[in-house]
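Heads up, protein_12.txt below (compact mmCIF, N, CA and C atoms):
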```
# COMPACT_ATOMS: atom_id res chain seq x y z
N SER A 1 -28.27 5.79 -7.92
CA SER A 1 -26.93 5.44 -8.33
C SER A 1 -26.99 4.50 -9.52
N PHE A 2 -25.86 4.35 -10.17
CA PHE A 2 -25.76 3.51 -11.37
C PHE A 2 -26.12 2.06 -11.06
N LEU A 3 -25.62 1.56 -9.93
CA LEU A 3 -25.89 0.16 -9.58
C LEU A 3 -27.35 -0.07 -9.22
N MET A 4 -28.02 0.94 -8.63
CA MET A 4 -29.44 0.81 -8.31
C MET A 4 -30.26 0.72 -9.59
N ASN A 5 -29.86 1.50 -10.60
CA ASN A 5 -30.58 1.49 -11.87
C ASN A 5 -30.48 0.14 -12.57
N LEU A 6 -29.45 -0.64 -12.24
CA LEU A 6 -29.31 -1.96 -12.83
C LEU A 6 -30.15 -3.00 -12.10
N GLY A 7 -30.83 -2.59 -11.03
CA GLY A 7 -31.71 -3.48 -10.30
C GLY A 7 -30.98 -4.41 -9.34
N MET A 8 -29.81 -4.00 -8.88
CA MET A 8 -29.03 -4.84 -7.96
C MET A 8 -29.52 -4.65 -6.54
N SER A 9 -29.44 -5.73 -5.77
CA SER A 9 -29.79 -5.64 -4.35
C SER A 9 -28.71 -4.85 -3.62
N ALA A 10 -29.01 -4.47 -2.39
CA ALA A 10 -28.05 -3.69 -1.60
C ALA A 10 -26.77 -4.48 -1.35
N VAL A 11 -26.89 -5.77 -1.09
CA VAL A 11 -25.71 -6.60 -0.84
C VAL A 11 -24.86 -6.69 -2.10
N THR A 12 -25.48 -6.85 -3.25
CA THR A 12 -24.75 -6.92 -4.51
C THR A 12 -24.08 -5.59 -4.81
N GLN A 13 -24.77 -4.50 -4.51
CA GLN A 13 -24.18 -3.18 -4.73
C GLN A 13 -22.93 -3.00 -3.88
N ARG A 14 -22.99 -3.41 -2.59
CA ARG A 14 -21.83 -3.31 -1.72
C ARG A 14 -20.68 -4.16 -2.25
N THR A 15 -21.00 -5.36 -2.71
CA THR A 15 -19.97 -6.27 -3.22
C THR A 15 -19.31 -5.70 -4.46
N VAL A 16 -20.11 -5.21 -5.40
CA VAL A 16 -19.56 -4.63 -6.63
C VAL A 16 -18.74 -3.38 -6.30
N SER A 17 -19.24 -2.56 -5.39
CA SER A 17 -18.49 -1.37 -4.99
C SER A 17 -17.15 -1.75 -4.36
N GLY A 18 -17.16 -2.80 -3.54
CA GLY A 18 -15.92 -3.27 -2.92
C GLY A 18 -14.93 -3.80 -3.95
N ILE A 19 -15.43 -4.52 -4.94
CA ILE A 19 -14.56 -5.04 -5.99
C ILE A 19 -13.92 -3.90 -6.77
N ILE A 20 -14.72 -2.92 -7.16
CA ILE A 20 -14.20 -1.78 -7.93
C ILE A 20 -13.21 -0.98 -7.10
N ALA A 21 -13.55 -0.72 -5.84
CA ALA A 21 -12.66 0.05 -4.98
C ALA A 21 -11.35 -0.70 -4.71
N GLY A 22 -11.44 -2.00 -4.45
CA GLY A 22 -10.24 -2.80 -4.19
C GLY A 22 -9.31 -2.84 -5.38
N MET A 23 -9.87 -3.03 -6.55
CA MET A 23 -9.04 -3.07 -7.76
C MET A 23 -8.42 -1.70 -8.04
N THR A 24 -9.20 -0.64 -7.86
CA THR A 24 -8.68 0.70 -8.10
C THR A 24 -7.55 1.02 -7.12
N LEU A 25 -7.76 0.69 -5.86
CA LEU A 25 -6.72 0.92 -4.86
C LEU A 25 -5.46 0.13 -5.20
N GLY A 26 -5.62 -1.14 -5.55
CA GLY A 26 -4.47 -1.96 -5.89
C GLY A 26 -3.70 -1.42 -7.07
N LEU A 27 -4.40 -0.94 -8.08
CA LEU A 27 -3.73 -0.42 -9.27
C LEU A 27 -3.06 0.93 -9.01
N LEU A 28 -3.76 1.82 -8.31
CA LEU A 28 -3.20 3.15 -8.09
C LEU A 28 -2.07 3.18 -7.06
N ALA A 29 -2.15 2.30 -6.07
CA ALA A 29 -1.14 2.28 -5.02
C ALA A 29 0.07 1.42 -5.39
N ASN A 30 -0.01 0.69 -6.48
CA ASN A 30 1.07 -0.23 -6.84
C ASN A 30 2.44 0.43 -6.99
N PRO A 31 2.56 1.58 -7.67
CA PRO A 31 3.90 2.16 -7.78
C PRO A 31 4.55 2.44 -6.42
N ILE A 32 3.76 2.96 -5.49
CA ILE A 32 4.31 3.25 -4.16
C ILE A 32 4.65 1.95 -3.44
N ASP A 33 3.75 0.97 -3.49
CA ASP A 33 4.01 -0.33 -2.85
C ASP A 33 5.26 -0.98 -3.43
N LEU A 34 5.42 -0.90 -4.74
CA LEU A 34 6.56 -1.52 -5.41
C LEU A 34 7.88 -0.89 -4.96
N VAL A 35 7.93 0.43 -4.94
CA VAL A 35 9.16 1.13 -4.53
C VAL A 35 9.47 0.86 -3.06
N VAL A 36 8.46 0.91 -2.20
CA VAL A 36 8.68 0.66 -0.77
C VAL A 36 9.17 -0.77 -0.54
N THR A 37 8.56 -1.73 -1.21
CA THR A 37 8.97 -3.12 -1.06
C THR A 37 10.42 -3.32 -1.50
N ARG A 38 10.77 -2.74 -2.64
CA ARG A 38 12.15 -2.86 -3.13
C ARG A 38 13.13 -2.14 -2.22
N ALA A 39 12.74 -1.00 -1.66
CA ALA A 39 13.62 -0.27 -0.75
C ALA A 39 13.87 -1.08 0.52
N MET A 40 12.82 -1.68 1.07
CA MET A 40 12.99 -2.49 2.28
C MET A 40 13.89 -3.69 1.99
N THR A 41 13.69 -4.31 0.84
CA THR A 41 14.51 -5.46 0.46
C THR A 41 15.96 -5.05 0.27
N GLN A 42 16.17 -3.92 -0.39
CA GLN A 42 17.53 -3.46 -0.65
C GLN A 42 18.25 -3.12 0.64
N ILE A 43 17.58 -2.44 1.55
CA ILE A 43 18.21 -2.09 2.82
C ILE A 43 18.50 -3.34 3.64
N HIS A 44 17.57 -4.30 3.62
CA HIS A 44 17.79 -5.56 4.32
C HIS A 44 19.01 -6.28 3.74
N ASP A 45 19.11 -6.31 2.42
CA ASP A 45 20.26 -6.95 1.77
C ASP A 45 21.56 -6.23 2.12
N MET A 46 21.50 -4.90 2.25
CA MET A 46 22.70 -4.13 2.59
C MET A 46 23.15 -4.47 4.01
N LYS A 47 22.20 -4.68 4.91
CA LYS A 47 22.55 -5.05 6.28
C LYS A 47 23.28 -6.38 6.30
N GLY A 48 22.76 -7.34 5.54
CA GLY A 48 23.35 -8.66 5.52
C GLY A 48 24.71 -8.70 4.85
N SER A 49 24.94 -7.81 3.89
CA SER A 49 26.21 -7.84 3.16
C SER A 49 27.30 -7.02 3.83
N GLY A 50 26.97 -6.29 4.87
CA GLY A 50 27.98 -5.49 5.55
C GLY A 50 28.10 -4.08 5.01
N GLU A 51 27.26 -3.70 4.05
CA GLU A 51 27.31 -2.35 3.51
C GLU A 51 26.57 -1.35 4.39
N TYR A 52 25.69 -1.84 5.22
CA TYR A 52 24.85 -0.97 6.04
C TYR A 52 25.68 -0.36 7.17
N SER A 53 25.48 0.92 7.42
CA SER A 53 26.28 1.56 8.46
C SER A 53 25.60 1.41 9.82
N TYR A 54 26.40 1.24 10.83
CA TYR A 54 25.90 1.32 12.18
C TYR A 54 27.07 1.70 13.07
N HIS A 55 26.75 2.20 14.20
CA HIS A 55 27.78 2.69 15.12
C HIS A 55 27.85 1.78 16.34
N SER A 56 29.02 1.69 16.89
CA SER A 56 29.17 0.98 18.14
C SER A 56 30.02 1.84 19.06
N VAL A 57 30.08 1.44 20.29
CA VAL A 57 30.85 2.17 21.30
C VAL A 57 32.00 1.28 21.74
N ASP A 58 33.23 1.84 21.69
CA ASP A 58 34.39 1.04 22.11
C ASP A 58 34.51 1.04 23.63
N ALA A 59 35.55 0.43 24.15
CA ALA A 59 35.74 0.28 25.60
C ALA A 59 35.85 1.62 26.32
N ASN A 60 36.31 2.66 25.61
CA ASN A 60 36.47 3.99 26.21
C ASN A 60 35.22 4.86 26.09
N GLY A 61 34.15 4.30 25.53
CA GLY A 61 32.92 5.08 25.39
C GLY A 61 32.90 5.95 24.15
N VAL A 62 33.81 5.72 23.21
CA VAL A 62 33.88 6.52 21.99
C VAL A 62 33.05 5.82 20.90
N ILE A 63 32.24 6.61 20.20
CA ILE A 63 31.44 6.05 19.11
C ILE A 63 32.34 5.77 17.92
N VAL A 64 32.24 4.55 17.42
CA VAL A 64 33.08 4.13 16.30
C VAL A 64 32.19 3.75 15.13
N MET A 65 32.55 4.24 13.93
CA MET A 65 31.82 3.85 12.72
C MET A 65 32.36 2.50 12.30
N ASP A 66 31.53 1.47 12.35
CA ASP A 66 31.99 0.12 12.03
C ASP A 66 32.00 -0.17 10.54
N ARG A 67 31.08 0.43 9.82
CA ARG A 67 30.98 0.14 8.39
C ARG A 67 30.75 1.43 7.62
N ALA A 68 30.87 1.35 6.33
CA ALA A 68 30.66 2.52 5.48
C ALA A 68 29.21 2.98 5.57
N PRO A 69 28.98 4.27 5.52
CA PRO A 69 27.60 4.77 5.60
C PRO A 69 26.79 4.35 4.37
N THR A 70 25.53 4.11 4.60
CA THR A 70 24.64 3.76 3.49
C THR A 70 24.00 5.03 2.96
N PRO A 71 23.50 4.95 1.75
CA PRO A 71 22.79 6.11 1.23
C PRO A 71 21.52 6.37 2.02
N GLY A 72 21.08 7.61 2.05
CA GLY A 72 19.84 7.95 2.74
C GLY A 72 18.63 7.40 2.01
N ALA A 73 17.49 7.51 2.64
CA ALA A 73 16.25 6.97 2.08
C ALA A 73 15.92 7.61 0.74
N VAL A 74 16.14 8.91 0.63
CA VAL A 74 15.82 9.60 -0.62
C VAL A 74 16.71 9.07 -1.75
N GLN A 75 17.98 8.84 -1.46
CA GLN A 75 18.89 8.31 -2.47
C GLN A 75 18.48 6.89 -2.89
N VAL A 76 18.07 6.09 -1.92
CA VAL A 76 17.64 4.72 -2.23
C VAL A 76 16.40 4.75 -3.12
N VAL A 77 15.43 5.60 -2.78
CA VAL A 77 14.21 5.69 -3.57
C VAL A 77 14.52 6.20 -4.98
N ARG A 78 15.38 7.19 -5.09
CA ARG A 78 15.78 7.70 -6.42
C ARG A 78 16.44 6.60 -7.24
N GLN A 79 17.32 5.85 -6.62
CA GLN A 79 18.01 4.77 -7.32
C GLN A 79 17.01 3.72 -7.81
N ILE A 80 16.09 3.32 -6.94
CA ILE A 80 15.10 2.31 -7.30
C ILE A 80 14.22 2.81 -8.43
N CYS A 81 13.73 4.04 -8.32
CA CYS A 81 12.88 4.60 -9.38
C CYS A 81 13.64 4.70 -10.70
N GLY A 82 14.89 5.12 -10.63
CA GLY A 82 15.71 5.19 -11.83
C GLY A 82 15.92 3.83 -12.47
N ASP A 83 16.15 2.81 -11.64
CA ASP A 83 16.33 1.45 -12.16
C ASP A 83 15.06 0.95 -12.84
N ILE A 84 13.93 1.17 -12.19
CA ILE A 84 12.66 0.72 -12.76
C ILE A 84 12.40 1.45 -14.09
N TRP A 85 12.61 2.77 -14.08
CA TRP A 85 12.35 3.58 -15.27
C TRP A 85 13.26 3.16 -16.43
N SER A 86 14.54 2.97 -16.14
CA SER A 86 15.49 2.64 -17.22
C SER A 86 15.25 1.23 -17.78
N LYS A 87 14.80 0.31 -16.95
CA LYS A 87 14.58 -1.07 -17.42
C LYS A 87 13.24 -1.25 -18.12
N ASP A 88 12.17 -0.70 -17.53
CA ASP A 88 10.83 -1.01 -18.03
C ASP A 88 9.97 0.21 -18.35
N GLY A 89 10.48 1.41 -18.14
CA GLY A 89 9.67 2.60 -18.39
C GLY A 89 8.57 2.75 -17.35
N VAL A 90 7.57 3.52 -17.71
CA VAL A 90 6.49 3.80 -16.77
C VAL A 90 5.73 2.54 -16.39
N TRP A 91 5.62 1.56 -17.30
CA TRP A 91 4.88 0.34 -17.01
C TRP A 91 5.60 -0.53 -15.99
N GLY A 92 6.89 -0.30 -15.79
CA GLY A 92 7.62 -1.03 -14.77
C GLY A 92 7.10 -0.77 -13.37
N PHE A 93 6.52 0.41 -13.16
CA PHE A 93 5.97 0.76 -11.84
C PHE A 93 4.68 0.00 -11.55
N PHE A 94 4.13 -0.64 -12.57
CA PHE A 94 2.89 -1.39 -12.40
C PHE A 94 3.11 -2.89 -12.46
N ALA A 95 4.37 -3.31 -12.28
CA ALA A 95 4.67 -4.74 -12.24
C ALA A 95 3.94 -5.37 -11.06
N GLY A 96 3.20 -6.40 -11.31
CA GLY A 96 2.45 -7.07 -10.25
C GLY A 96 1.19 -6.36 -9.81
N ALA A 97 0.76 -5.36 -10.58
CA ALA A 97 -0.39 -4.56 -10.17
C ALA A 97 -1.67 -5.40 -10.10
N TRP A 98 -1.85 -6.32 -11.03
CA TRP A 98 -3.07 -7.12 -11.01
C TRP A 98 -3.12 -8.06 -9.82
N VAL A 99 -1.95 -8.56 -9.43
CA VAL A 99 -1.92 -9.42 -8.25
C VAL A 99 -2.30 -8.62 -7.01
N ARG A 100 -1.76 -7.42 -6.88
CA ARG A 100 -2.11 -6.57 -5.74
C ARG A 100 -3.59 -6.19 -5.77
N ALA A 101 -4.08 -5.86 -6.97
CA ALA A 101 -5.48 -5.47 -7.10
C ALA A 101 -6.40 -6.62 -6.70
N LEU A 102 -6.12 -7.80 -7.20
CA LEU A 102 -6.96 -8.95 -6.89
C LEU A 102 -6.87 -9.36 -5.42
N SER A 103 -5.70 -9.16 -4.81
CA SER A 103 -5.56 -9.54 -3.41
C SER A 103 -6.27 -8.57 -2.47
N ARG A 104 -6.54 -7.37 -2.92
CA ARG A 104 -7.22 -6.38 -2.07
C ARG A 104 -8.73 -6.45 -2.16
N ILE A 105 -9.24 -7.16 -3.14
CA ILE A 105 -10.70 -7.23 -3.33
C ILE A 105 -11.42 -7.78 -2.11
N PRO A 106 -11.03 -8.92 -1.55
CA PRO A 106 -11.80 -9.46 -0.41
C PRO A 106 -11.89 -8.51 0.78
N SER A 107 -10.77 -7.93 1.17
CA SER A 107 -10.80 -7.05 2.35
C SER A 107 -11.60 -5.79 2.08
N THR A 108 -11.52 -5.26 0.87
CA THR A 108 -12.28 -4.05 0.55
C THR A 108 -13.77 -4.34 0.49
N CYS A 109 -14.15 -5.52 -0.03
CA CYS A 109 -15.57 -5.90 -0.04
C CYS A 109 -16.12 -5.99 1.39
N VAL A 110 -15.37 -6.61 2.25
CA VAL A 110 -15.80 -6.73 3.65
C VAL A 110 -15.90 -5.35 4.29
N TRP A 111 -14.91 -4.49 4.02
CA TRP A 111 -14.92 -3.14 4.60
C TRP A 111 -16.16 -2.39 4.16
N PHE A 112 -16.48 -2.42 2.86
CA PHE A 112 -17.66 -1.72 2.36
C PHE A 112 -18.93 -2.28 2.99
N ALA A 113 -19.03 -3.59 3.08
CA ALA A 113 -20.23 -4.21 3.65
C ALA A 113 -20.40 -3.81 5.11
N VAL A 114 -19.35 -3.91 5.90
CA VAL A 114 -19.42 -3.56 7.32
C VAL A 114 -19.73 -2.08 7.48
N PHE A 115 -19.11 -1.25 6.68
CA PHE A 115 -19.36 0.20 6.76
C PHE A 115 -20.84 0.50 6.50
N ASP A 116 -21.38 -0.07 5.42
CA ASP A 116 -22.78 0.20 5.09
C ASP A 116 -23.74 -0.35 6.14
N ILE A 117 -23.44 -1.53 6.66
CA ILE A 117 -24.30 -2.11 7.70
C ILE A 117 -24.27 -1.25 8.96
N MET A 118 -23.08 -0.83 9.37
CA MET A 118 -22.97 0.01 10.58
C MET A 118 -23.63 1.37 10.36
N LYS A 119 -23.44 1.94 9.18
CA LYS A 119 -24.06 3.23 8.87
C LYS A 119 -25.58 3.12 8.94
N SER A 120 -26.12 2.07 8.33
CA SER A 120 -27.57 1.87 8.36
C SER A 120 -28.08 1.65 9.78
N ALA A 121 -27.36 0.85 10.55
CA ALA A 121 -27.76 0.58 11.93
C ALA A 121 -27.74 1.86 12.77
N LEU A 122 -26.70 2.66 12.60
CA LEU A 122 -26.62 3.90 13.38
C LEU A 122 -27.67 4.91 12.94
N LEU A 123 -27.94 4.99 11.65
CA LEU A 123 -28.98 5.92 11.18
C LEU A 123 -30.35 5.48 11.67
N ASN A 124 -30.64 4.19 11.65
CA ASN A 124 -31.93 3.68 12.14
C ASN A 124 -32.06 3.91 13.64
N ARG A 125 -30.98 3.70 14.36
CA ARG A 125 -31.00 3.92 15.82
C ARG A 125 -31.24 5.40 16.11
N HIS A 126 -30.55 6.26 15.39
CA HIS A 126 -30.69 7.70 15.60
C HIS A 126 -32.12 8.16 15.24
N THR A 127 -32.69 7.62 14.17
CA THR A 127 -34.03 8.00 13.73
C THR A 127 -35.09 7.53 14.72
N THR A 128 -34.95 6.30 15.22
CA THR A 128 -35.95 5.79 16.17
C THR A 128 -35.82 6.42 17.54
N ALA A 129 -34.65 6.88 17.89
CA ALA A 129 -34.46 7.49 19.20
C ALA A 129 -35.18 8.84 19.31
N PHE A 130 -35.30 9.55 18.17
CA PHE A 130 -35.94 10.86 18.20
C PHE A 130 -37.36 10.85 17.62
N ALA A 131 -37.87 9.68 17.34
CA ALA A 131 -39.22 9.61 16.76
C ALA A 131 -40.29 9.72 17.82
```

Could I get this structure in the form of structure tokens?
Amino acid sequence: SFLMNLGMSAVTQRTVSGIIAGMTLGLLANPIDLVVTRAMTQIHDMKGSGEYSYHSVDANGVIVMDRAPTPGAVQVVRQICGDIWSKDGVWGFFAGAWVRALSRIPSTCVWFAVFDIMKSALLNRHTTAFA
């Protein structure tokens, strides 16, 4: 592998792989994370402002619409994407991407290290069991 050719130890290779994977994940997943976060915030704000629809049952057992219906999830996502696109273009979907990328590095490094350690342990156990 490329990292082996650079003379890196196995631990350093796992760490560098985790850093690269964490940053890549943070950057590529940012548009989805951004839209989901804004959708959750918008729906939460709608609940607090009274725009969110919910049903209740009156004394006679009849379902009553208490508030105006809210737009469906697809409409909310379309609205959010349209707002981002109109304000900032395609780069608007990557707002905060570096923060997300940097915050994912530690967990991804640990995941890679644990995965490689467990894989090595299981392969050694399997090899010695049949030797």

For region 26-42 of chain A, find every residue with an atom within 6 Å (counting all atoms listed in the file), except residues of its own chain fewer than 6 positions away, and show them as a PyMOL selection string.
chain A and resi 93-94+97+100-101

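Relative to atom N of Met23 (chain A), CA of Arg104 (chain A) is found at 6.2 Å.
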
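Each of A:Pro106, A:Val90, A:Gln79, A:Trp85 was compared to Ile19 (chain A) using all atoms listed in the file, and A:Pro106 turns out to be the nearest.
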
Box along x, y and z, 8 Å on every side, all listed atoms of region 11-28 of chain A inside: centre and edge lengths in Å to one decimal, as lines of an AutoDock Vina configuration file.
```
center_x = -14.5
center_y = -1.9
center_z = -5.1
size_x = 40.8
size_y = 26.1
size_z = 24.4
```

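Atom C of Asp116 (chain A) is found 10.5 Å from atom C of Val11 (chain A).
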
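For the set A:Gln75, A:Thr12, A:Asn124, A:Thr108, the residue with the smallest atom-to-atom gap to Thr24 (chain A) is A:Thr108, counting only C-alpha atoms.
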
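If you measure from each of A:Ile117, A:Cys81, A:Leu122, A:Ser103 to Gly22 (chain A) using only N, CA and C atoms, the closest one turns out to be A:Ser103.
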